[in-house]
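A.B. asks: Structure: my_file01.cif, mmCIF, C-alpha atoms.
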data_model
#
loop_
_atom_site.label_atom_id
_atom_site.label_comp_id
_atom_site.auth_asym_id
_atom_site.auth_seq_id
_atom_site.Cartn_x
_atom_site.Cartn_y
_atom_site.Cartn_z
CA MET A 1 -22.07 -28.39 -23.39
CA SER A 2 -25.57 -28.24 -21.96
CA GLY A 3 -26.42 -26.41 -18.76
CA THR A 4 -27.44 -29.69 -17.12
CA ALA A 5 -24.34 -31.59 -18.20
CA TYR A 6 -21.87 -28.99 -17.00
CA PRO A 7 -22.87 -29.06 -13.29
CA ALA A 8 -22.75 -32.86 -13.48
CA LEU A 9 -19.26 -32.67 -14.96
CA ILE A 10 -18.13 -30.31 -12.19
CA ALA A 11 -19.53 -32.62 -9.52
CA GLN A 12 -17.75 -35.57 -11.13
CA GLY A 13 -14.53 -33.58 -11.19
CA TYR A 14 -14.74 -32.72 -7.51
CA GLN A 15 -15.32 -36.39 -6.71
CA ARG A 16 -12.33 -37.44 -8.82
CA ALA A 17 -10.20 -34.78 -7.13
CA ARG A 18 -11.23 -36.12 -3.73
CA VAL A 19 -10.10 -39.62 -4.72
CA VAL A 20 -6.77 -38.29 -6.04
CA THR A 21 -6.16 -36.37 -2.80
CA ARG A 22 -7.06 -39.28 -0.58
CA HIS A 23 -4.73 -41.60 -2.48
CA HIS A 24 -1.71 -39.33 -2.91
CA ALA A 25 -1.81 -36.82 -0.03
CA LYS A 26 -2.84 -38.62 3.14
CA SER A 27 -1.73 -35.85 5.51
CA PHE A 28 -3.45 -33.15 3.47
CA PHE A 29 -6.59 -35.27 3.25
CA PHE A 30 -6.51 -35.85 7.02
CA ALA A 31 -6.21 -32.12 7.72
CA SER A 32 -8.97 -31.35 5.21
CA TYR A 33 -11.55 -32.86 7.57
CA LEU A 34 -11.41 -29.51 9.37
CA LEU A 35 -12.80 -27.81 6.25
CA PHE A 36 -16.41 -28.01 5.16
CA GLY A 37 -18.57 -27.80 2.08
CA GLN A 38 -17.24 -25.97 -0.93
CA ARG A 39 -13.96 -25.02 0.73
CA ARG A 40 -13.03 -28.67 1.17
CA LYS A 41 -14.01 -29.56 -2.40
CA ALA A 42 -12.00 -26.61 -3.71
CA ALA A 43 -8.93 -27.74 -1.75
CA PHE A 44 -9.23 -31.15 -3.42
CA ALA A 45 -9.53 -29.56 -6.88
CA LEU A 46 -6.38 -27.51 -6.32
CA TYR A 47 -4.46 -30.52 -5.03
CA ALA A 48 -5.53 -32.60 -8.05
CA PHE A 49 -4.25 -29.86 -10.38
CA CYS A 50 -0.86 -29.94 -8.63
CA ARG A 51 -0.78 -33.73 -8.62
CA ARG A 52 -1.46 -33.98 -12.36
CA LEU A 53 1.48 -31.65 -13.00
CA ASP A 54 3.63 -33.97 -10.88
CA ASP A 55 2.40 -36.87 -12.98
CA LEU A 56 3.51 -35.05 -16.15
CA VAL A 57 7.02 -34.63 -14.75
CA ASP A 58 7.14 -38.24 -13.55
CA ALA A 59 6.02 -39.50 -16.97
CA GLY A 60 8.82 -37.62 -18.70
CA GLU A 61 8.80 -38.34 -22.42
CA SER A 62 6.54 -41.41 -22.05
CA ALA A 63 3.03 -41.42 -23.43
CA LEU A 64 0.24 -40.73 -20.96
CA PRO A 65 -3.07 -42.64 -21.22
CA GLY A 66 -4.92 -41.58 -24.35
CA GLU A 67 -2.05 -39.39 -25.57
CA ALA A 68 0.72 -39.74 -28.12
CA PRO A 69 4.30 -39.42 -26.86
CA MET A 70 5.52 -35.82 -26.57
CA SER A 71 8.25 -33.95 -24.78
CA LEU A 72 7.74 -32.85 -21.21
CA ALA A 73 8.44 -29.26 -22.24
CA THR A 74 5.56 -29.50 -24.72
CA ARG A 75 3.25 -30.94 -22.08
CA LEU A 76 4.05 -28.14 -19.67
CA ALA A 77 3.49 -25.58 -22.43
CA ARG A 78 0.04 -27.15 -22.98
CA ALA A 79 -0.60 -26.85 -19.26
CA ARG A 80 0.22 -23.13 -19.39
CA GLU A 81 -2.22 -22.66 -22.25
CA ARG A 82 -5.02 -24.49 -20.47
CA VAL A 83 -4.54 -22.38 -17.35
CA ALA A 84 -4.63 -19.21 -19.46
CA GLU A 85 -7.89 -20.43 -21.00
CA VAL A 86 -9.58 -20.27 -17.57
CA TYR A 87 -8.77 -16.57 -17.30
CA LEU A 88 -10.34 -15.47 -20.60
CA SER A 89 -13.39 -14.47 -18.57
CA LEU A 90 -11.29 -13.23 -15.62
CA PRO A 91 -8.81 -10.85 -17.28
CA GLU A 92 -8.47 -8.82 -14.10
CA LEU A 93 -6.96 -11.89 -12.37
CA ALA A 94 -4.73 -12.92 -15.28
CA SER A 95 -0.94 -12.91 -15.06
CA GLN A 96 0.51 -9.47 -15.66
CA GLU A 97 3.86 -11.04 -16.52
CA LEU A 98 2.60 -13.24 -19.32
CA GLY A 99 0.20 -10.84 -21.01
CA PRO A 100 -3.46 -11.19 -22.05
CA PRO A 101 -4.80 -14.75 -21.82
CA SER A 102 -6.40 -14.30 -25.24
CA ALA A 103 -2.90 -14.27 -26.74
CA ARG A 104 -1.94 -17.50 -24.96
CA GLN A 105 -4.60 -19.91 -26.17
CA PRO A 106 -4.00 -23.52 -27.30
CA SER A 107 -4.69 -24.71 -30.79
CA ALA A 108 -7.95 -26.62 -31.20
CA GLU A 109 -6.18 -29.97 -31.51
CA ALA A 110 -3.87 -29.51 -28.51
CA PRO A 111 -4.38 -32.30 -25.96
CA SER A 112 -5.16 -31.42 -22.36
CA PRO A 113 -3.08 -32.84 -19.49
CA TRP A 114 -6.24 -33.03 -17.34
CA ASP A 115 -9.35 -35.13 -17.27
CA PRO A 116 -12.21 -32.86 -18.46
CA SER A 117 -14.16 -33.25 -15.23
CA GLU A 118 -11.17 -32.43 -13.02
CA PHE A 119 -10.44 -29.36 -15.11
CA ALA A 120 -14.10 -28.30 -14.89
CA ALA A 121 -13.86 -28.53 -11.10
CA LEU A 122 -10.65 -26.49 -11.14
CA ARG A 123 -12.26 -23.85 -13.33
CA HIS A 124 -15.26 -23.70 -11.00
CA THR A 125 -12.96 -23.31 -7.97
CA ILE A 126 -10.97 -20.51 -9.60
CA HIS A 127 -14.10 -18.61 -10.57
CA HIS A 128 -15.84 -19.16 -7.24
CA TYR A 129 -12.92 -17.97 -5.11
CA ARG A 130 -11.36 -15.62 -7.66
CA ILE A 131 -7.89 -17.14 -7.47
CA PRO A 132 -5.25 -15.19 -9.46
CA GLU A 133 -3.47 -16.89 -12.36
CA GLN A 134 0.14 -16.13 -11.42
CA PRO A 135 0.52 -18.87 -8.75
CA PHE A 136 -0.58 -21.53 -11.25
CA GLN A 137 1.92 -20.32 -13.84
CA ASP A 138 4.66 -20.09 -11.22
CA LEU A 139 3.99 -23.70 -10.25
CA ILE A 140 4.53 -24.73 -13.87
CA SER A 141 7.78 -22.73 -13.81
CA GLY A 142 8.83 -24.83 -10.82
CA MET A 143 8.12 -27.99 -12.78
CA GLU A 144 10.20 -26.60 -15.64
CA MET A 145 13.13 -26.16 -13.24
CA ASP A 146 13.12 -29.94 -12.81
CA LEU A 147 13.74 -30.21 -16.57
CA THR A 148 17.02 -28.33 -16.39
CA LYS A 149 18.32 -28.52 -12.81
CA GLN A 150 19.41 -31.59 -10.91
CA ARG A 151 21.63 -29.70 -8.46
CA TYR A 152 21.21 -26.43 -6.56
CA ASP A 153 24.30 -24.40 -5.75
CA THR A 154 22.89 -21.94 -3.23
CA TRP A 155 20.01 -21.57 -0.80
CA GLU A 156 18.68 -18.70 -2.92
CA GLU A 157 18.29 -21.07 -5.87
CA LEU A 158 16.61 -23.72 -3.74
CA ASP A 159 14.36 -21.15 -2.06
CA LEU A 160 13.09 -20.08 -5.47
CA TYR A 161 12.35 -23.70 -6.30
CA CYS A 162 10.57 -24.22 -2.97
CA TYR A 163 8.50 -21.11 -3.60
CA ARG A 164 7.51 -22.17 -7.08
CA VAL A 165 6.58 -25.78 -6.34
CA ALA A 166 5.06 -25.31 -2.87
CA GLY A 167 4.90 -21.69 -1.74
CA VAL A 168 2.54 -20.82 -4.57
CA VAL A 169 0.20 -23.62 -3.49
CA GLY A 170 -0.32 -21.65 -0.30
CA LEU A 171 -1.16 -18.62 -2.44
CA MET A 172 -3.72 -20.66 -4.41
CA LEU A 173 -5.34 -21.90 -1.21
CA THR A 174 -5.47 -18.57 0.60
CA PRO A 175 -8.61 -17.27 -1.19
CA VAL A 176 -10.28 -20.64 -0.57
CA LEU A 177 -9.48 -20.48 3.14
CA GLY A 178 -10.87 -16.97 3.45
CA CYS A 179 -8.40 -14.14 3.16
CA GLU A 180 -9.53 -10.57 3.71
CA ASP A 181 -6.15 -9.30 4.86
CA ALA A 182 -3.01 -9.14 2.73
CA ARG A 183 -0.98 -10.06 5.80
CA ALA A 184 -2.05 -13.69 5.30
CA VAL A 185 -0.45 -13.97 1.87
CA GLU A 186 3.30 -14.12 2.51
CA PRO A 187 2.90 -16.47 5.51
CA ALA A 188 0.92 -18.80 3.24
CA ALA A 189 3.89 -18.97 0.88
CA ASP A 190 6.20 -19.50 3.86
CA LEU A 191 4.20 -22.54 4.94
CA GLY A 192 4.66 -24.03 1.50
CA ARG A 193 8.39 -23.32 1.65
CA ALA A 194 8.63 -24.98 5.07
CA MET A 195 6.78 -28.07 3.89
CA GLN A 196 8.88 -28.40 0.74
CA LEU A 197 12.13 -28.08 2.68
CA THR A 198 10.80 -30.74 5.07
CA ASN A 199 10.15 -33.01 2.08
CA ILE A 200 13.67 -32.41 0.77
CA LEU A 201 15.26 -33.25 4.13
CA ARG A 202 13.13 -36.39 4.45
CA ASP A 203 13.70 -37.61 0.88
CA VAL A 204 17.48 -37.23 0.44
CA ARG A 205 17.91 -40.92 -0.33
CA GLU A 206 14.98 -41.13 -2.76
CA ASP A 207 16.12 -38.01 -4.61
CA LEU A 208 19.64 -39.42 -4.93
CA GLU A 209 18.19 -42.55 -6.52
CA ARG A 210 16.54 -40.29 -9.10
CA GLY A 211 19.83 -38.51 -9.77
CA ARG A 212 18.86 -35.36 -7.89
CA VAL A 213 20.41 -33.48 -4.99
CA TYR A 214 18.26 -30.59 -3.80
CA LEU A 215 20.44 -29.74 -0.79
CA PRO A 216 22.46 -26.62 -1.66
CA SER A 217 25.97 -27.69 -2.65
CA GLU A 218 27.41 -24.48 -1.23
CA GLU A 219 26.04 -25.34 2.19
CA LEU A 220 27.07 -28.99 1.96
CA ARG A 221 30.63 -27.82 1.31
CA ALA A 222 30.44 -25.41 4.23
CA PHE A 223 29.75 -28.37 6.52
CA GLY A 224 32.39 -30.56 4.87
CA ILE A 225 29.91 -32.94 3.22
CA THR A 226 30.34 -34.43 -0.27
CA GLU A 227 27.90 -36.18 -2.56
CA ASP A 228 29.84 -39.37 -1.91
CA ASP A 229 28.94 -38.95 1.77
CA LEU A 230 25.28 -38.72 0.77
CA ARG A 231 25.48 -41.81 -1.43
CA ALA A 232 27.14 -43.72 1.40
CA GLY A 233 24.39 -42.62 3.80
CA ARG A 234 27.05 -41.34 6.18
CA VAL A 235 25.53 -40.00 9.41
CA ASP A 236 28.32 -38.36 11.38
CA ALA A 237 28.87 -35.15 13.34
CA LYS A 238 29.14 -33.07 10.15
CA TRP A 239 25.84 -34.42 8.83
CA ARG A 240 24.09 -33.87 12.16
CA ASP A 241 25.31 -30.27 12.27
CA PHE A 242 24.09 -29.76 8.71
CA MET A 243 20.67 -31.25 9.49
CA ARG A 244 20.39 -29.18 12.68
CA PHE A 245 20.98 -26.07 10.59
CA GLN A 246 18.40 -27.05 7.94
CA ILE A 247 15.78 -28.07 10.52
CA GLN A 248 16.21 -24.73 12.27
CA ARG A 249 15.63 -23.01 8.91
CA ALA A 250 12.49 -25.05 8.24
CA ARG A 251 11.10 -24.34 11.70
CA ALA A 252 11.69 -20.63 11.21
CA TYR A 253 9.52 -20.79 8.09
CA TYR A 254 6.81 -22.68 9.99
CA ALA A 255 6.89 -19.96 12.68
CA ARG A 256 6.61 -17.22 10.05
CA ALA A 257 3.67 -19.07 8.52
CA ALA A 258 1.94 -19.34 11.89
CA ALA A 259 1.95 -15.56 12.23
CA GLY A 260 -0.48 -15.29 9.31
CA VAL A 261 -3.01 -17.89 10.43
CA ARG A 262 -5.10 -15.42 12.44
CA PHE A 263 -5.95 -13.50 9.27
CA LEU A 264 -7.83 -16.46 7.72
CA THR A 265 -11.58 -16.05 8.07
CA GLY A 266 -13.09 -19.22 6.59
CA PHE A 267 -14.81 -21.58 9.01
CA GLY A 268 -12.29 -24.23 10.05
CA SER A 269 -9.49 -22.68 8.01
CA GLN A 270 -7.25 -21.63 10.88
CA ARG A 271 -7.41 -25.05 12.48
CA MET A 272 -6.82 -26.78 9.16
CA VAL A 273 -3.68 -24.75 8.44
CA ARG A 274 -2.34 -25.23 11.95
CA LEU A 275 -2.93 -28.97 11.69
CA MET A 276 -1.30 -29.21 8.27
CA GLY A 277 1.73 -27.31 9.50
CA ALA A 278 1.90 -29.36 12.69
CA ILE A 279 1.72 -32.69 10.84
CA TYR A 280 4.49 -31.73 8.44
CA GLY A 281 6.53 -30.09 11.18
CA ASP A 282 6.33 -33.34 13.11
CA ILE A 283 8.33 -35.01 10.35
CA LEU A 284 11.25 -32.87 11.52
CA ARG A 285 10.77 -34.21 15.04
CA ASP A 286 10.87 -37.76 13.68
CA ILE A 287 14.06 -37.00 11.73
CA GLU A 288 15.64 -35.84 14.99
CA ALA A 289 14.37 -38.94 16.77
CA ARG A 290 16.17 -41.02 14.12
CA ASP A 291 19.41 -39.20 14.98
CA ASP A 292 19.17 -37.38 11.62
CA ASP A 293 19.42 -40.66 9.70
CA VAL A 294 17.24 -40.05 6.64
CA PHE A 295 19.03 -42.76 4.64
CA SER A 296 17.95 -46.01 6.28
CA GLY A 297 14.24 -45.21 6.65
CA ARG A 298 11.61 -42.61 5.80
CA ALA A 299 10.62 -40.17 8.53
CA HIS A 300 6.88 -39.71 8.89
CA THR A 301 4.06 -38.67 11.19
CA THR A 302 2.12 -41.66 12.52
CA THR A 303 -1.66 -41.79 12.71
CA GLY A 304 -1.42 -41.64 16.48
CA ARG A 305 0.64 -38.47 16.30
CA LYS A 306 -1.82 -36.96 13.81
CA LEU A 307 -4.68 -37.61 16.24
CA ALA A 308 -2.69 -36.11 19.11
CA LEU A 309 -1.87 -33.04 17.03
CA THR A 310 -5.54 -32.70 16.08
CA ALA A 311 -6.43 -32.59 19.78
CA THR A 312 -3.76 -29.95 20.32
CA VAL A 313 -5.17 -27.86 17.48
CA PHE A 314 -8.53 -27.76 19.26
CA LEU A 315 -7.28 -27.41 22.83
CA ARG A 316 -4.11 -25.32 22.41
CA PRO A 317 -4.04 -24.14 18.80
CA ARG A 318 -1.02 -21.87 19.15
CA ALA A 319 1.00 -24.74 20.57
CA ALA A 320 0.29 -26.88 17.49
CA LEU A 321 1.98 -24.37 15.18
CA PRO A 322 3.96 -21.98 17.39
CA GLU A 323 4.08 -18.34 16.40
CA ALA A 324 7.37 -17.61 18.16
CA PRO A 325 9.34 -15.18 15.96
CA LEU A 326 12.13 -17.59 15.06
CA ALA A 327 14.79 -15.95 12.90
CA LEU A 328 16.07 -17.69 9.83
CA PRO A 329 19.56 -19.01 10.64
CA PRO A 330 22.45 -17.10 9.05
CA SER A 331 23.97 -18.77 6.02
CA PRO A 332 27.00 -20.89 6.88
CA VAL A 333 30.44 -19.63 5.98
CA VAL A 334 31.40 -21.23 2.69
CA PRO A 335 35.09 -22.17 2.39
CA LEU A 336 36.90 -20.89 -0.65
CA LEU A 337 37.66 -23.40 -3.37
CA PRO A 338 41.30 -24.52 -3.48
CA THR A 339 43.52 -22.33 -5.62
CA GLY A 340 43.72 -23.47 -9.22
CA THR A 341 40.42 -25.39 -9.39
CA GLY A 342 39.12 -22.98 -11.99
CA GLY A 343 35.52 -22.17 -12.77
CA SER A 344 33.08 -20.11 -10.80
CA ARG A 345 31.31 -21.06 -7.65
#
Spit out the file's structure as structure tokens when you get a sec.

C.D. replies:
Amino acid sequence: MSGTAYPALIAQGYQRARVVTRHHAKSFFFASYLLFGQRRKAAFALYAFCRRLDDLVDAGESALPGEAPMSLATRLARARERVAEVYLSLPELASQELGPPSARQPSAEAPSPWDPSEFAALRHTIHHYRIPEQPFQDLISGMEMDLTKQRYDTWEELDLYCYRVAGVVGLMLTPVLGCEDARAVEPAADLGRAMQLTNILRDVREDLERGRVYLPSEELRAFGITEDDLRAGRVDAKWRDFMRFQIQRARAYYARAAAGVRFLTGFGSQRMVRLMGAIYGDILRDIEARDDDVFSGRAHTTTGRKLALTATVFLRPRAALPEAPLALPPSPVVPLLPTGTGGSR
């Protein structure tokens, strides 16, 4: 590829990534207006990478445009190989768990899950901001969990899923947003966890329609809720208590995330993160306003609320994403299974 063509390909990729972000992630795109220049383009490139992985999972075994049918496991394996390819020239940032990237290369004929220009933009972003490989590989591990798990027994299992599919996105973005202090890293993952748990609470009905229940079954049992209750869309005192517990947990993660914002040094980065957290956190407020009924309609943050939160970010930034040291709520007491049911919990 010629030296003149490659910059053009990168520019095309960043433009494509911007279009993907604007179409699929309206809240993220809205918050991205507080970033500038290369940081904003890099955020789009990272989102497009994540979105394309989502598209692979959504496609399942079906053929993607320009590609023969293949299993989802094979597609995700190809994705791992393409990510490893980026780190051939960055071995110091390669995954220590998976070994040298040179030993994890695709065959010449292996198809790529990404448009060449989008992948060129991703590669440029990774090199420019020196983003480690492990978060990308962990994200693919999260996608692989969707291949094998349609139910989660415990919070620990769901927390791992939330970390892999969303917490690691915070880790990818941290170098882009300007991180010179390690104390920003774990809060970045906590923001991703908070946002993913918010999504799960908002999308109970949609996930049920896809045959999935992300809410931990152990905790549902502790509150006396069955899957039949979920399918019936039953909003009663038990469901409200359960939702109150989960919303408290999500808000504790948002508060933990807020504690790391001050360590971000990129221009506009602190405001962008506060706004992103505030917009997603406002979904929890809307769920409460709907009396915890997430079955009859989809909770969301209106444009008017987004504008109001933007003003708060500029005028009272700490109020937009409070840093109060909220503790994670203790796990509920899980009742023992009736004698003679057999099997392990």

A.B. asks: Have a look at A:Pro187, A:Arg240, A:Ser89, A:Gly211 and name the one nearest to Gly224 (chain A); count only C-alpha atoms.

C.D. replies: A:Arg240

A.B. asks: When you count all atoms listed in the file, which of these residues is closest to Tyr152 (chain A): A:Ala48, A:Leu93, A:Leu177, A:Val213?

C.D. replies: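 Closest residue, counting all atoms listed in the file: A:Val213.
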
A.B. asks: A:Thr174, A:Gln15, A:Thr198, A:Thr312: which is nearest Ala45 (chain A), counting all atoms listed in the file?

C.D. replies: A:Gln15

A.B. asks: Provide the CA of Asp291 (chain A) to CA of Gly233 (chain A) distance in Å, to one decimal place.

C.D. replies: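 Taking CA of Asp291 (chain A) and CA of Gly233 (chain A), their separation equals 12.7 Å.
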
A.B. asks: Would you mind telling me which residue in A:Ala289, A:Ala43, A:Ala184, A:Met145 lies nearest to Ala258 (chain A) when using all atoms listed in the file?

C.D. replies: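 With all atoms listed in the file as the atom set, the closest residue is A:Ala184.
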
A.B. asks: Between A:Leu220, A:Asp229, A:Gly277, A:Asp207, which one has atoms that come closest to Arg193 (chain A), using only C-alpha atoms?

C.D. replies: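 That would be A:Gly277, the residue with the smallest distance to Arg193 (chain A).
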
A.B. asks: What gap, in Å, lies between CA of Pro106 (chain A) and CA of Ala8 (chain A)?

C.D. replies: 25.1 Å

A.B. asks: Excluding same-chain residues fewer than 5 positions from Pro132 (chain A), what lies within 10 Å of it counting only C-alpha atoms, as a list in words?

C.D. replies: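 Using only C-alpha atoms, the neighbours found are Tyr87, Leu90, Pro91, Glu92, Leu93, Ala94, Ser95, Ile126, His127, Gln137, Leu171, Met172 and Pro175 of chain A.
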
A.B. asks: What does the distance between CA of Arg82 (chain A) and CA of Val176 (chain A) come to in Å, to one decimal place?

C.D. replies: 20.9 Å

A.B. asks: Using only C-alpha atoms, which of A:Leu315, A:Val294, A:Leu284, A:Ala189 sits nearest Arg256 (chain A)?

C.D. replies: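 The closest residue to Arg256 (chain A) is A:Ala189.
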
A.B. asks: When you look at Asp146 (chain A) with a cut-off of 12 Å (counting only C-alpha atoms), what residues show up, excluding the ones that are within fewer than 2 positions of it in the same chain? I need them as a compact mmCIF listing (two decimals) with C-alpha atoms, in the frame of the given file.

C.D. replies:
# COMPACT_ATOMS: atom_id res chain seq x y z
CA LEU A 53 1.48 -31.65 -13.00
CA ASP A 54 3.63 -33.97 -10.88
CA LEU A 56 3.51 -35.05 -16.15
CA VAL A 57 7.02 -34.63 -14.75
CA ASP A 58 7.14 -38.24 -13.55
CA GLY A 60 8.82 -37.62 -18.70
CA LEU A 72 7.74 -32.85 -21.21
CA ALA A 73 8.44 -29.26 -22.24
CA LEU A 76 4.05 -28.14 -19.67
CA LEU A 139 3.99 -23.70 -10.25
CA ILE A 140 4.53 -24.73 -13.87
CA SER A 141 7.78 -22.73 -13.81
CA GLY A 142 8.83 -24.83 -10.82
CA MET A 143 8.12 -27.99 -12.78
CA GLU A 144 10.20 -26.60 -15.64
CA THR A 148 17.02 -28.33 -16.39
CA LYS A 149 18.32 -28.52 -12.81
CA GLN A 150 19.41 -31.59 -10.91
CA ARG A 151 21.63 -29.70 -8.46
CA TYR A 152 21.21 -26.43 -6.56
CA LEU A 158 16.61 -23.72 -3.74
CA TYR A 161 12.35 -23.70 -6.30
CA CYS A 162 10.57 -24.22 -2.97
CA ARG A 164 7.51 -22.17 -7.08
CA VAL A 165 6.58 -25.78 -6.34
CA ASP A 207 16.12 -38.01 -4.61
CA ARG A 210 16.54 -40.29 -9.10
CA GLY A 211 19.83 -38.51 -9.77
CA ARG A 212 18.86 -35.36 -7.89
CA VAL A 213 20.41 -33.48 -4.99
CA TYR A 214 18.26 -30.59 -3.80

A.B. asks: Please determine an axis-aligned box that encloses all atoms of region 42-52 of chain A listed in the file, with 5 Å added on each side, and express its centre and edge lengths in Å to one decimal as JSON.

C.D. replies:
{"center_x": -6.4, "center_y": -30.3, "center_z": -7.1, "size_x": 21.2, "size_y": 17.4, "size_z": 20.6}

A.B. asks: Expand the PyMOL selection byres ((chain A and resi 185) around 12) into the explicit residue set it covers here, and present it as a count of residues only.

C.D. replies: 34

A.B. asks: Any idea what's packed within 9 Å of Thr310 (chain A), counting all atoms listed in the file, ignoring anything in its chain fewer than 3 positions away? Could you give it as a list in words?

C.D. replies: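 The neighbour list is Ala31, Arg271, Leu275, Ala278, Ile279, Arg305, Lys306, Leu307, Val313, Phe314, Leu315 and Ala320 of chain A.
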
A.B. asks: Check what the PyMOL selection byres ((chain A and resi 18-30) around 7) selects in the file above and give those residues as a list of chain:residue names.

C.D. replies: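 This file, filtered by the PyMOL selection byres ((chain A and resi 18-30) around 7), leaves A:Tyr14, A:Gln15, A:Arg16, A:Ala17, A:Ala31, A:Ser32, A:Tyr33, A:Phe44, A:Tyr47, A:Ala48, A:Met276.
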
A.B. asks: Expand the PyMOL selection byres ((chain A and resi 102) around 8) into the individual residues it matches in the shown file, reporting them as a PDB file with C-alpha atoms, in the coordinates of the input.

C.D. replies:
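Done, and the output landed in selection02.pdb:
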ATOM      1  CA  ALA A  84      -4.630 -19.210 -19.460  1.00  0.00           C
ATOM      2  CA  GLU A  85      -7.890 -20.430 -21.000  1.00  0.00           C
ATOM      3  CA  LEU A  88     -10.340 -15.470 -20.600  1.00  0.00           C
ATOM      4  CA  PRO A 100      -3.460 -11.190 -22.050  1.00  0.00           C
ATOM      5  CA  PRO A 101      -4.800 -14.750 -21.820  1.00  0.00           C
ATOM      6  CA  ALA A 103      -2.900 -14.270 -26.740  1.00  0.00           C
ATOM      7  CA  ARG A 104      -1.940 -17.500 -24.960  1.00  0.00           C
ATOM      8  CA  GLN A 105      -4.600 -19.910 -26.170  1.00  0.00           C
TER       9      GLN A 105
END

A.B. asks: Please tabulate, as JSON lines, the residues of region 195-220 of chain A that come within 12 Å of region 295-303 of chain A, each with its closest pair of atoms and the distance in Å to one decimal, counting all atoms listed in the file and ordering rows by chain, then residue number upward.

C.D. replies:
{"residue": "A:Thr198", "atom": "CA", "partner": "A:Ala299", "partner_atom": "CA", "distance": 10.0}
{"residue": "A:Asn199", "atom": "CA", "partner": "A:Ala299", "partner_atom": "CA", "distance": 9.6}
{"residue": "A:Ile200", "atom": "CA", "partner": "A:Ala299", "partner_atom": "CA", "distance": 11.4}
{"residue": "A:Leu201", "atom": "CA", "partner": "A:Ala299", "partner_atom": "CA", "distance": 9.4}
{"residue": "A:Arg202", "atom": "CA", "partner": "A:Ala299", "partner_atom": "CA", "distance": 6.1}
{"residue": "A:Asp203", "atom": "CA", "partner": "A:Arg298", "partner_atom": "CA", "distance": 7.3}
{"residue": "A:Val204", "atom": "CA", "partner": "A:Phe295", "partner_atom": "CA", "distance": 7.1}
{"residue": "A:Arg205", "atom": "CA", "partner": "A:Phe295", "partner_atom": "CA", "distance": 5.4}
{"residue": "A:Glu206", "atom": "CA", "partner": "A:Phe295", "partner_atom": "CA", "distance": 8.6}
{"residue": "A:Asp207", "atom": "CA", "partner": "A:Phe295", "partner_atom": "CA", "distance": 10.8}
{"residue": "A:Leu208", "atom": "CA", "partner": "A:Phe295", "partner_atom": "CA", "distance": 10.2}
{"residue": "A:Glu209", "atom": "CA", "partner": "A:Phe295", "partner_atom": "CA", "distance": 11.2}

A.B. asks: Take the selection from the previous step and output its residues with C-alpha atoms, as a CSV table (one decimal), in the coordinates of the input.

C.D. replies:
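part09.csv written:
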chain,number,residue,atom,x,y,z
A,198,THR,CA,10.8,-30.7,5.1
A,199,ASN,CA,10.2,-33.0,2.1
A,200,ILE,CA,13.7,-32.4,0.8
A,201,LEU,CA,15.3,-33.2,4.1
A,202,ARG,CA,13.1,-36.4,4.4
A,203,ASP,CA,13.7,-37.6,0.9
A,204,VAL,CA,17.5,-37.2,0.4
A,205,ARG,CA,17.9,-40.9,-0.3
A,206,GLU,CA,15.0,-41.1,-2.8
A,207,ASP,CA,16.1,-38.0,-4.6
A,208,LEU,CA,19.6,-39.4,-4.9
A,209,GLU,CA,18.2,-42.6,-6.5
